[in-house]
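Next up, upload39.cif (mmCIF, C-alpha atoms):
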data_my_file
#
loop_
_atom_site.label_atom_id
_atom_site.label_comp_id
_atom_site.auth_asym_id
_atom_site.auth_seq_id
_atom_site.Cartn_x
_atom_site.Cartn_y
_atom_site.Cartn_z
CA MET A 1 0.00 0.00 0.00
CA THR A 2 2.81 2.45 0.87
CA ARG A 3 4.54 1.84 -2.46
CA ARG A 4 1.28 2.31 -4.38
CA LEU A 5 0.65 5.63 -2.65
CA ILE A 6 4.17 6.81 -3.49
CA GLN A 7 3.58 5.82 -7.12
CA LEU A 8 0.32 7.77 -7.23
CA TYR A 9 1.80 10.83 -5.54
CA SER A 10 4.75 10.78 -7.93
CA ALA A 11 2.49 10.64 -10.97
CA LEU A 12 0.46 13.56 -9.62
CA LEU A 13 3.56 15.56 -8.74
CA TYR A 14 5.14 14.98 -12.16
CA ASN A 15 1.93 16.22 -13.81
CA ALA A 16 0.88 18.94 -11.40
CA HIS A 17 0.27 21.54 -14.14
CA LEU A 18 -3.50 20.90 -14.18
CA LYS A 19 -4.10 24.04 -16.22
CA GLY A 20 -2.36 22.33 -19.13
CA PHE A 21 -4.96 19.55 -19.21
CA ALA A 22 -7.75 22.12 -19.24
CA GLU A 23 -6.20 24.22 -22.02
CA GLY A 24 -4.50 21.48 -24.03
CA GLN A 25 -1.17 23.31 -23.86
CA ILE A 26 2.31 22.25 -22.75
CA TYR A 27 3.87 23.97 -19.76
CA THR A 28 7.06 25.77 -20.81
CA GLY A 29 8.05 27.49 -17.56
CA PRO A 30 11.45 27.41 -15.80
CA LEU A 31 10.89 24.00 -14.21
CA LYS A 32 11.04 22.41 -17.65
CA SER A 33 14.82 22.86 -17.56
CA LEU A 34 14.88 20.24 -14.77
CA CYS A 35 14.24 16.50 -15.05
CA VAL A 36 12.07 14.21 -12.98
CA PRO A 37 13.72 10.82 -12.28
CA GLY A 38 11.03 8.62 -13.88
CA LEU A 39 9.67 8.24 -17.41
CA ASN A 40 7.20 11.09 -17.94
CA CYS A 41 6.81 12.84 -21.29
CA TYR A 42 7.91 16.46 -21.64
CA SER A 43 4.94 17.02 -23.96
CA CYS A 44 2.30 15.85 -21.50
CA PRO A 45 -0.01 18.86 -20.88
CA GLY A 46 0.42 18.42 -17.13
CA ALA A 47 4.17 17.80 -17.04
CA VAL A 48 6.02 20.31 -14.88
CA ALA A 49 9.54 19.09 -15.75
CA ALA A 50 11.39 17.22 -18.47
CA CYS A 51 11.81 13.49 -18.97
CA PRO A 52 15.39 12.32 -18.28
CA LEU A 53 15.35 10.02 -21.28
CA GLY A 54 14.22 12.76 -23.64
CA ALA A 55 16.75 15.16 -22.12
CA LEU A 56 19.54 12.61 -22.64
CA GLN A 57 18.62 12.10 -26.28
CA ASN A 58 18.48 15.86 -26.89
CA ALA A 59 21.84 16.26 -25.17
CA VAL A 60 23.39 13.54 -27.34
CA ALA A 61 21.81 15.13 -30.43
CA ALA A 62 23.47 18.44 -29.50
CA SER A 63 26.81 16.84 -28.56
CA ALA A 64 28.48 18.05 -31.76
CA ASP A 65 28.22 21.59 -30.37
CA ARG A 66 28.32 21.17 -26.59
CA PRO A 67 28.99 18.33 -24.11
CA ALA A 68 26.09 16.82 -22.17
CA PHE A 69 27.54 17.35 -18.70
CA TYR A 70 24.30 18.42 -17.00
CA VAL A 71 22.11 15.55 -18.17
CA VAL A 72 24.77 12.88 -17.72
CA GLY A 73 25.58 14.21 -14.24
CA LEU A 74 21.92 14.26 -13.24
CA LEU A 75 21.33 10.71 -14.46
CA LEU A 76 24.46 9.58 -12.64
CA LEU A 77 23.14 11.20 -9.45
CA PHE A 78 19.75 9.51 -9.84
CA SER A 79 21.47 6.18 -10.50
CA LEU A 80 23.81 6.36 -7.50
CA LEU A 81 21.15 7.52 -5.04
CA LEU A 82 18.08 5.58 -6.18
CA GLY A 83 18.89 3.25 -9.07
CA ARG A 84 15.89 1.17 -10.10
CA VAL A 85 13.98 2.18 -7.00
CA ILE A 86 12.88 4.90 -9.42
CA CYS A 87 11.27 2.22 -11.59
CA GLY A 88 9.45 0.61 -8.68
CA PHE A 89 8.30 3.75 -6.87
CA LEU A 90 8.63 6.89 -9.01
CA CYS A 91 7.62 5.98 -12.57
CA PRO A 92 4.03 6.76 -13.72
CA PHE A 93 4.25 4.39 -16.68
CA GLY A 94 5.36 1.59 -14.36
CA LEU A 95 2.28 2.28 -12.24
CA LEU A 96 0.02 2.13 -15.30
CA GLN A 97 1.45 -1.25 -16.29
CA GLU A 98 0.94 -2.67 -12.80
CA LEU A 99 -2.69 -1.52 -12.76
CA LEU A 100 -3.32 -3.06 -16.18
CA HIS A 101 -1.78 -6.32 -14.97
CA LYS A 102 -4.43 -6.50 -12.26
CA ILE A 103 -7.11 -7.12 -14.92
CA PRO A 104 -8.16 -10.74 -14.28
CA THR A 105 -6.81 -12.88 -17.13
CA LYS A 106 -4.41 -15.76 -17.50
CA LYS A 107 -0.87 -14.40 -17.02
CA LEU A 108 2.36 -15.27 -18.78
CA GLN A 109 4.84 -16.31 -16.12
CA LYS A 110 8.54 -15.47 -16.20
CA SER A 111 10.82 -18.07 -17.73
CA PRO A 112 14.30 -18.46 -19.24
CA LEU A 113 12.85 -16.85 -22.39
CA THR A 114 11.70 -13.71 -20.58
CA ARG A 115 15.10 -13.48 -18.88
CA LYS A 116 16.75 -13.46 -22.29
CA LEU A 117 14.27 -10.91 -23.62
CA SER A 118 15.07 -8.64 -20.66
CA ARG A 119 18.41 -7.92 -22.32
CA LEU A 120 16.63 -6.30 -25.27
CA LYS A 121 16.28 -2.99 -23.44
CA TYR A 122 20.06 -2.57 -23.42
CA ALA A 123 20.04 -2.79 -27.21
CA VAL A 124 17.24 -0.20 -27.29
CA LEU A 125 19.33 2.07 -25.05
CA LEU A 126 22.39 1.71 -27.25
CA ILE A 127 20.65 2.10 -30.61
CA PHE A 128 17.71 4.46 -30.11
CA VAL A 129 18.90 6.62 -27.19
CA LEU A 130 22.61 6.89 -27.95
CA ALA A 131 23.58 5.78 -31.47
CA ILE A 132 20.79 7.34 -33.55
CA PRO A 133 20.91 10.79 -31.86
CA ALA A 134 24.73 10.75 -32.04
CA TRP A 135 24.71 9.78 -35.73
CA TYR A 136 22.39 12.64 -36.63
CA ALA A 137 24.13 15.11 -34.31
CA PHE A 138 27.08 15.40 -36.67
CA ARG A 139 24.66 16.03 -39.51
CA ARG A 140 23.13 18.89 -37.53
CA LEU A 141 19.78 17.06 -37.58
CA PRO A 142 18.64 16.42 -33.99
CA LEU A 143 16.74 13.14 -33.86
CA PRO A 144 15.69 11.64 -30.49
CA GLY A 145 15.29 8.10 -31.80
CA PHE A 146 13.46 6.51 -28.88
CA CYS A 147 11.00 9.38 -28.43
CA LYS A 148 10.34 9.61 -32.15
CA PHE A 149 9.87 5.93 -33.00
CA ILE A 150 8.99 3.97 -29.85
CA CYS A 151 8.14 5.67 -26.56
CA PRO A 152 4.63 4.56 -25.52
CA ALA A 153 4.60 6.95 -22.56
CA GLY A 154 5.21 9.88 -24.89
CA THR A 155 2.49 8.72 -27.26
CA LEU A 156 -0.06 8.34 -24.46
CA GLU A 157 0.82 11.33 -22.29
CA GLY A 158 1.91 13.70 -25.02
CA ALA A 159 0.46 12.99 -28.44
CA VAL A 160 -2.86 11.38 -27.52
CA LEU A 161 -3.76 13.77 -24.69
CA LEU A 162 -2.91 16.80 -26.82
CA LEU A 163 -4.75 15.55 -29.90
CA LEU A 164 -7.88 14.72 -27.93
CA HIS A 165 -8.22 18.30 -26.71
CA PRO A 166 -10.76 20.34 -28.74
CA ALA A 167 -8.34 23.28 -29.01
CA ASN A 168 -5.81 21.24 -31.00
CA GLY A 169 -7.71 20.51 -34.19
CA ALA A 170 -4.77 21.76 -36.29
CA LEU A 171 -2.51 19.16 -34.64
CA ARG A 172 -4.96 16.36 -35.43
CA ALA A 173 -4.84 17.33 -39.10
CA MET A 174 -1.05 16.90 -39.03
CA ALA A 175 -1.10 13.37 -37.60
CA GLY A 176 0.46 11.00 -40.12
CA GLY A 177 1.90 7.54 -40.51
CA LEU A 178 4.49 7.92 -37.77
CA PHE A 179 1.79 8.85 -35.24
CA TRP A 180 -0.27 5.78 -36.12
CA TRP A 181 2.84 3.60 -35.92
CA LYS A 182 3.51 4.86 -32.39
CA CYS A 183 -0.14 4.36 -31.46
CA ALA A 184 0.15 0.75 -32.60
CA MET A 185 3.30 0.33 -30.49
CA MET A 186 1.56 1.88 -27.50
CA LEU A 187 -1.50 -0.34 -27.81
CA LEU A 188 0.68 -3.42 -28.21
CA ILE A 189 2.65 -2.61 -25.05
CA LEU A 190 -0.43 -1.69 -23.00
CA THR A 191 -2.23 -4.85 -24.10
CA ALA A 192 0.82 -6.98 -23.34
CA SER A 193 0.97 -5.42 -19.87
CA VAL A 194 -2.33 -7.10 -19.03
CA PHE A 195 -0.72 -10.52 -19.55
CA VAL A 196 2.97 -9.86 -18.75
CA PHE A 197 3.99 -8.04 -15.58
CA ARG A 198 5.64 -4.71 -16.49
CA CYS A 199 6.48 -5.91 -20.00
CA PHE A 200 7.75 -2.49 -21.11
CA CYS A 201 10.03 -2.15 -18.07
CA ARG A 202 11.39 -5.66 -18.47
CA PHE A 203 11.98 -5.81 -22.21
CA VAL A 204 12.04 -2.32 -23.73
CA CYS A 205 12.61 0.60 -21.34
CA PRO A 206 16.07 2.13 -21.88
CA LEU A 207 15.76 4.30 -18.77
CA GLY A 208 15.43 1.17 -16.63
CA ALA A 209 18.42 -0.27 -18.49
CA LEU A 210 20.42 2.86 -17.70
CA TYR A 211 19.56 2.77 -14.01
CA GLY A 212 20.19 -0.99 -13.95
CA LEU A 213 23.80 -0.48 -15.02
CA MET A 214 24.45 1.19 -11.64
CA ALA A 215 22.38 -1.26 -9.57
CA LYS A 216 25.29 -2.49 -7.46
CA LEU A 217 26.27 1.05 -6.47
CA ALA A 218 22.84 2.53 -5.71
CA LEU A 219 22.47 3.79 -2.14
CA LEU A 220 18.77 2.98 -1.72
CA GLY A 221 17.16 -0.37 -2.36
CA VAL A 222 16.53 -3.96 -1.38
CA LYS A 223 19.66 -5.58 0.08
CA LEU A 224 20.46 -9.24 0.71
CA ASP A 225 22.41 -10.31 3.79
CA GLU A 226 24.62 -13.02 2.33
CA GLY A 227 25.46 -14.34 5.80
CA ARG A 228 21.85 -15.11 6.62
CA CYS A 229 20.76 -16.33 3.16
CA ILE A 230 20.22 -20.11 2.93
CA GLY A 231 19.79 -20.15 -0.86
CA CYS A 232 16.21 -21.48 -0.79
CA GLY A 233 15.17 -19.38 -3.81
CA THR A 234 11.84 -18.28 -2.29
CA CYS A 235 12.59 -14.64 -3.08
CA LEU A 236 13.35 -15.39 -6.73
CA ARG A 237 10.14 -17.37 -7.16
CA ARG A 238 8.06 -14.60 -5.56
CA CYS A 239 9.56 -11.80 -7.64
CA PRO A 240 7.61 -11.02 -10.85
CA MET A 241 10.66 -9.48 -12.50
CA ASP A 242 13.45 -11.40 -14.26
CA ILE A 243 15.95 -11.14 -11.44
CA ARG A 244 18.78 -13.62 -10.95
CA ARG A 245 19.51 -12.38 -7.44
CA VAL A 246 17.96 -9.88 -5.04
CA GLY A 247 18.88 -6.30 -5.93
CA ASP A 248 20.40 -7.01 -9.35
CA SER A 249 19.92 -4.91 -12.49
CA GLU A 250 16.43 -6.30 -13.13
CA CYS A 251 15.15 -5.67 -9.59
CA VAL A 252 12.77 -2.70 -9.18
CA HIS A 253 12.97 -2.95 -5.37
CA CYS A 254 9.24 -3.44 -4.81
CA GLY A 255 10.02 -5.26 -1.55
CA SER A 256 7.78 -8.28 -2.13
CA CYS A 257 10.74 -10.56 -1.39
CA ILE A 258 11.13 -9.14 2.13
CA GLU A 259 7.80 -10.62 3.22
CA VAL A 260 8.53 -14.17 2.06
CA CYS A 261 12.15 -14.65 3.13
CA PRO A 262 12.07 -17.44 5.77
CA VAL A 263 15.28 -16.29 7.48
CA GLN A 264 14.80 -12.50 7.26
CA ALA A 265 17.87 -12.06 5.11
CA ILE A 266 16.39 -9.23 3.00
CA SER A 267 15.78 -5.62 3.99
CA PHE A 268 15.14 -2.28 2.35
CA ARG A 269 18.00 0.05 3.14
CA ALA A 270 19.52 3.45 2.53
CA GLY A 271 23.17 2.61 2.99
CA ARG A 272 23.44 1.10 6.50
CA ILE A 273 20.06 2.46 7.61
CA VAL A 274 17.30 -0.17 7.62
CA LEU A 275 14.04 1.32 6.33
CA ARG A 276 12.11 -1.94 6.22
CA GLY A 277 13.07 -5.42 7.35
CA PRO A 278 15.04 -7.08 10.16
CA GLU A 279 17.77 -5.41 12.12
CA THR A 280 21.31 -5.78 10.77
CA PRO A 281 23.47 -8.61 12.17
CA GLU A 282 25.87 -6.00 13.56
CA LYS A 283 23.17 -4.51 15.81
CA GLU A 284 22.00 -7.94 16.95
CA ALA A 285 25.54 -8.89 17.89
CA GLN A 286 25.86 -5.78 20.05
CA SER A 287 22.53 -6.29 21.84
#

Would you write the structure of this file as structure tokens?
Amino acid sequence: MTRRLIQLYSALLYNAHLKGFAEGQIYTGPLKSLCVPGLNCYSCPGAVAACPLGALQNAVAASADRPAFYVVGLLLLFSLLLGRVICGFLCPFGLLQELLHKIPTKKLQKSPLTRKLSRLKYAVLLIFVLAIPAWYAFRRLPLPGFCKFICPAGTLEGAVLLLLHPANGALRAMAGGLFWWKCAMMLLILTASVFVFRCFCRFVCPLGALYGLMAKLALLGVKLDEGRCIGCGTCLRRCPMDIRRVGDSECVHCGSCIEVCPVQAISFRAGRIVLRGPETPEKEAQS
């Protein structure tokens, strides 16, 4: 319940510009020079800040003229402090997928195949977020590849919400083949989310891939006490993500493993501070 509330509050905070929904216009104030940590489209009428993934692509696209120190530094800060806790707690599109997965249907369970498919998002990161913008940067043609060709969050929050507003009839007239391609991608991912837990996060999302690269160094998250662990595998079976061990690059730190561990070897921590779970062995030894 606590995690769900944080997810809801984050989605509301990211999109607090309610006037934009009423007017069908994008907020362009000073906060848009900052980035929220989760995936939330810059073009959403309610968005009060930029999307880190879009900002990274724009920075790479402009790299022929200026280095991307600000965006890279901000993403590094997010990664070191929070890592994929952002995916589990602070991403509106992750919340949407989880809610869709609650629709009662037969679910596709994780398997060796889904674990292999989870590596696809690293290819998406390399090709669409880094390589394509960099290739076009030296042609002086900025092209944010992921936003332009794939991003379902951008299609839903930006394009669809803007085009549905009565004041944007001129924009609807401009919608072409690329828009309908992205709508098809969005519908495919949203439909798949009903049957596959967080399918976009697991297989496609390059922001999750980026945060996952720093998983071992992140300050906040689920931690495993190797000394207590008996290797029973209960945590891995309970987890709906394609993790190979608690807290690895696929873990979104939802904390479901904490409840089922028979020896209380898992806790949610910020460094040495236990936020949820058993006391550390060091404190027990001193008591």

Go through A:Gly73, A:Pro104, A:Pro152, A:Gly83 and flag the residue nearest Asn40 in chain A, using all atoms listed in the file for the distances. A:Pro152

Can you measure CA of Phe78 in chain A to CA of Lys121 in chain A for me? One decimal in Å is fine. 18.8 Å

Within 9 Å of range 87-101 of chain A, which residues of range 116-215 of chain A come that close, and what is the closest atom pair and distance in Å for each? Count all atoms listed in the file and give it as a tab-separated table.
residue	atom	partner	partner_atom	distance
A:Pro152	CA	A:Phe93	CA	8.8
A:Ala153	CA	A:Phe93	CA	6.4
A:Ile189	CA	A:Gln97	CA	8.9
A:Leu190	CA	A:Gln97	CA	7.0
A:Thr191	CA	A:Leu100	CA	8.2
A:Ala192	CA	A:His101	CA	8.8
A:Ser193	CA	A:Gln97	CA	5.5
A:Val194	CA	A:His101	CA	4.2
A:Phe195	CA	A:His101	CA	6.3
A:Val196	CA	A:His101	CA	7.0
A:Phe197	CA	A:His101	CA	6.1
A:Arg198	CA	A:Gln97	CA	5.4
A:Cys199	CA	A:Gln97	CA	7.8
A:Phe200	CA	A:Gln97	CA	8.0
A:Cys201	CA	A:Gly94	CA	7.0
A:Leu207	CA	A:Cys87	CA	8.7
A:Gly208	CA	A:Cys87	CA	6.6
A:Tyr211	CA	A:Cys87	CA	8.7

Each side padded by 6 Å, which centre and which edge lengths in Å (one decimal) define the axis-aligned box around the listed atoms of range 243-252 of chain A? Give them as JSON.
{"center_x": 16.6, "center_y": -8.2, "center_z": -9.1, "size_x": 19.6, "size_y": 22.9, "size_z": 20.1}

Got a sec to resolve the PyMOL selection byres ((chain A and resi 33) around 10) on this structure and send the residues as a list in words?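 Listing what the PyMOL selection byres ((chain A and resi 33) around 10) selects in the shown file: Thr28, Gly29, Pro30, Leu31, Lys32, Leu34, Cys35, Val48, Ala49, Ala50, Cys51 and Ala55 of chain A.
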
Write the residues you've just listed into a file as a PDB file, keeping the file's coordinate frame, and include C-alpha atoms for each of them.
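The resulting part-v2.pdb:
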ATOM      1  CA  THR A  28       7.060  25.770 -20.810  1.00  0.00           C
ATOM      2  CA  GLY A  29       8.050  27.490 -17.560  1.00  0.00           C
ATOM      3  CA  PRO A  30      11.450  27.410 -15.800  1.00  0.00           C
ATOM      4  CA  LEU A  31      10.890  24.000 -14.210  1.00  0.00           C
ATOM      5  CA  LYS A  32      11.040  22.410 -17.650  1.00  0.00           C
ATOM      6  CA  LEU A  34      14.880  20.240 -14.770  1.00  0.00           C
ATOM      7  CA  CYS A  35      14.240  16.500 -15.050  1.00  0.00           C
ATOM      8  CA  VAL A  48       6.020  20.310 -14.880  1.00  0.00           C
ATOM      9  CA  ALA A  49       9.540  19.090 -15.750  1.00  0.00           C
ATOM     10  CA  ALA A  50      11.390  17.220 -18.470  1.00  0.00           C
ATOM     11  CA  CYS A  51      11.810  13.490 -18.970  1.00  0.00           C
ATOM     12  CA  ALA A  55      16.750  15.160 -22.120  1.00  0.00           C
TER      13      ALA A  55
END

Go through range 23-133 of chain A and flag each residue having an atom no more than 9 Å from range 219-234 of chain A; for those, report the closest pair of atoms plus their distance in Å to one decimal, using all atoms listed in the file, ordered by chain and rising number, as JSON lines.
{"residue": "A:Ser79", "atom": "CA", "partner": "A:Leu219", "partner_atom": "CA", "distance": 8.8}
{"residue": "A:Leu80", "atom": "CA", "partner": "A:Leu219", "partner_atom": "CA", "distance": 6.1}
{"residue": "A:Leu81", "atom": "CA", "partner": "A:Leu219", "partner_atom": "CA", "distance": 4.9}
{"residue": "A:Leu82", "atom": "CA", "partner": "A:Leu220", "partner_atom": "CA", "distance": 5.2}
{"residue": "A:Gly83", "atom": "CA", "partner": "A:Leu220", "partner_atom": "CA", "distance": 7.4}
{"residue": "A:Arg84", "atom": "CA", "partner": "A:Gly221", "partner_atom": "CA", "distance": 8.0}
{"residue": "A:Val85", "atom": "CA", "partner": "A:Gly221", "partner_atom": "CA", "distance": 6.2}

Using only C-alpha atoms, find the one residue out of A:Leu76, A:Leu113, A:Ala61, A:Leu53 that sits nearest to Phe138 in chain A.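 Smallest separation from Phe138 in chain A among the options: A:Ala61.
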
Find the distance between CA of Leu77 in chain A and CA of Val274 in chain A and write it in Å to one decimal.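 Computing it gives 21.3 Å between the two atoms.
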
Two-atom distance - CA of Leu213 in chain A, CA of Arg245 in chain A (Å):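 So the two atoms, CA of Leu213 in chain A and CA of Arg245 in chain A, lie 14.7 Å apart.
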
Spatial neighbours of range 175-177 of chain A, max dist 12 Å, all atoms listed in the file, sep filter under 2 positions, as a PyMOL selection string: chain A and resi 149+155+159-160+162-164+168-173+179-184

Env of Gly255 in chain A: 12 Å cut, atoms = all atoms listed in the file, seq-sep filter 3 positions within chain, self excluded. Answer as number ranges by chain. A: 1-4, 85, 88-89, 221-224, 235-236, 238-241, 246-247, 251-252, 258-261, 266-269, 275-277

Quick one: write out the picked residues with C-alpha atoms as an mmCIF file, in the frame of the given file?
data_model
loop_
_atom_site.group_PDB
_atom_site.id
_atom_site.type_symbol
_atom_site.label_atom_id
_atom_site.label_comp_id
_atom_site.auth_asym_id
_atom_site.auth_seq_id
_atom_site.Cartn_x
_atom_site.Cartn_y
_atom_site.Cartn_z
ATOM 1 C CA MET A 1 0.000 0.000 0.000
ATOM 2 C CA THR A 2 2.810 2.450 0.870
ATOM 3 C CA ARG A 3 4.540 1.840 -2.460
ATOM 4 C CA ARG A 4 1.280 2.310 -4.380
ATOM 5 C CA VAL A 85 13.980 2.180 -7.000
ATOM 6 C CA GLY A 88 9.450 0.610 -8.680
ATOM 7 C CA PHE A 89 8.300 3.750 -6.870
ATOM 8 C CA GLY A 221 17.160 -0.370 -2.360
ATOM 9 C CA VAL A 222 16.530 -3.960 -1.380
ATOM 10 C CA LYS A 223 19.660 -5.580 0.080
ATOM 11 C CA LEU A 224 20.460 -9.240 0.710
ATOM 12 C CA CYS A 235 12.590 -14.640 -3.080
ATOM 13 C CA LEU A 236 13.350 -15.390 -6.730
ATOM 14 C CA ARG A 238 8.060 -14.600 -5.560
ATOM 15 C CA CYS A 239 9.560 -11.800 -7.640
ATOM 16 C CA PRO A 240 7.610 -11.020 -10.850
ATOM 17 C CA MET A 241 10.660 -9.480 -12.500
ATOM 18 C CA VAL A 246 17.960 -9.880 -5.040
ATOM 19 C CA GLY A 247 18.880 -6.300 -5.930
ATOM 20 C CA CYS A 251 15.150 -5.670 -9.590
ATOM 21 C CA VAL A 252 12.770 -2.700 -9.180
ATOM 22 C CA ILE A 258 11.130 -9.140 2.130
ATOM 23 C CA GLU A 259 7.800 -10.620 3.220
ATOM 24 C CA VAL A 260 8.530 -14.170 2.060
ATOM 25 C CA CYS A 261 12.150 -14.650 3.130
ATOM 26 C CA ILE A 266 16.390 -9.230 3.000
ATOM 27 C CA SER A 267 15.780 -5.620 3.990
ATOM 28 C CA PHE A 268 15.140 -2.280 2.350
ATOM 29 C CA ARG A 269 18.000 0.050 3.140
ATOM 30 C CA LEU A 275 14.040 1.320 6.330
ATOM 31 C CA ARG A 276 12.110 -1.940 6.220
ATOM 32 C CA GLY A 277 13.070 -5.420 7.350
#

Taking the file as shown, what set of residues would the PyMOL selection byres ((chain A and resi 209) around 10) give back, as a VMD selection string? chain A and resid 84 118 to 126 201 to 208 210 to 215 249 to 250

Take the PyMOL selection byres ((chain A and resi 43) around 6), run it mentally on this structure, and tell me the resulting residues as an mmCIF file with C-alpha atoms, in the frame of the given file.
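Saved the output as result31.cif:
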data_model
loop_
_atom_site.group_PDB
_atom_site.id
_atom_site.type_symbol
_atom_site.label_atom_id
_atom_site.label_comp_id
_atom_site.auth_asym_id
_atom_site.auth_seq_id
_atom_site.Cartn_x
_atom_site.Cartn_y
_atom_site.Cartn_z
ATOM 1 C CA ILE A 26 2.310 22.250 -22.750
ATOM 2 C CA CYS A 41 6.810 12.840 -21.290
ATOM 3 C CA TYR A 42 7.910 16.460 -21.640
ATOM 4 C CA CYS A 44 2.300 15.850 -21.500
ATOM 5 C CA GLY A 158 1.910 13.700 -25.020
#

Just checking: using all atoms listed in the file, which residue out of A:Ala47, A:Ser63, A:Leu75, A:Ile243 ends up closest to Leu161 in chain A?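 Result for the nearest residue to Leu161 in chain A: A:Ala47.
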
What lies within 8 Å of Gln25 in chain A using only C-alpha atoms, ignoring chain neighbours under 3 positions off, as a count of residues only? 4
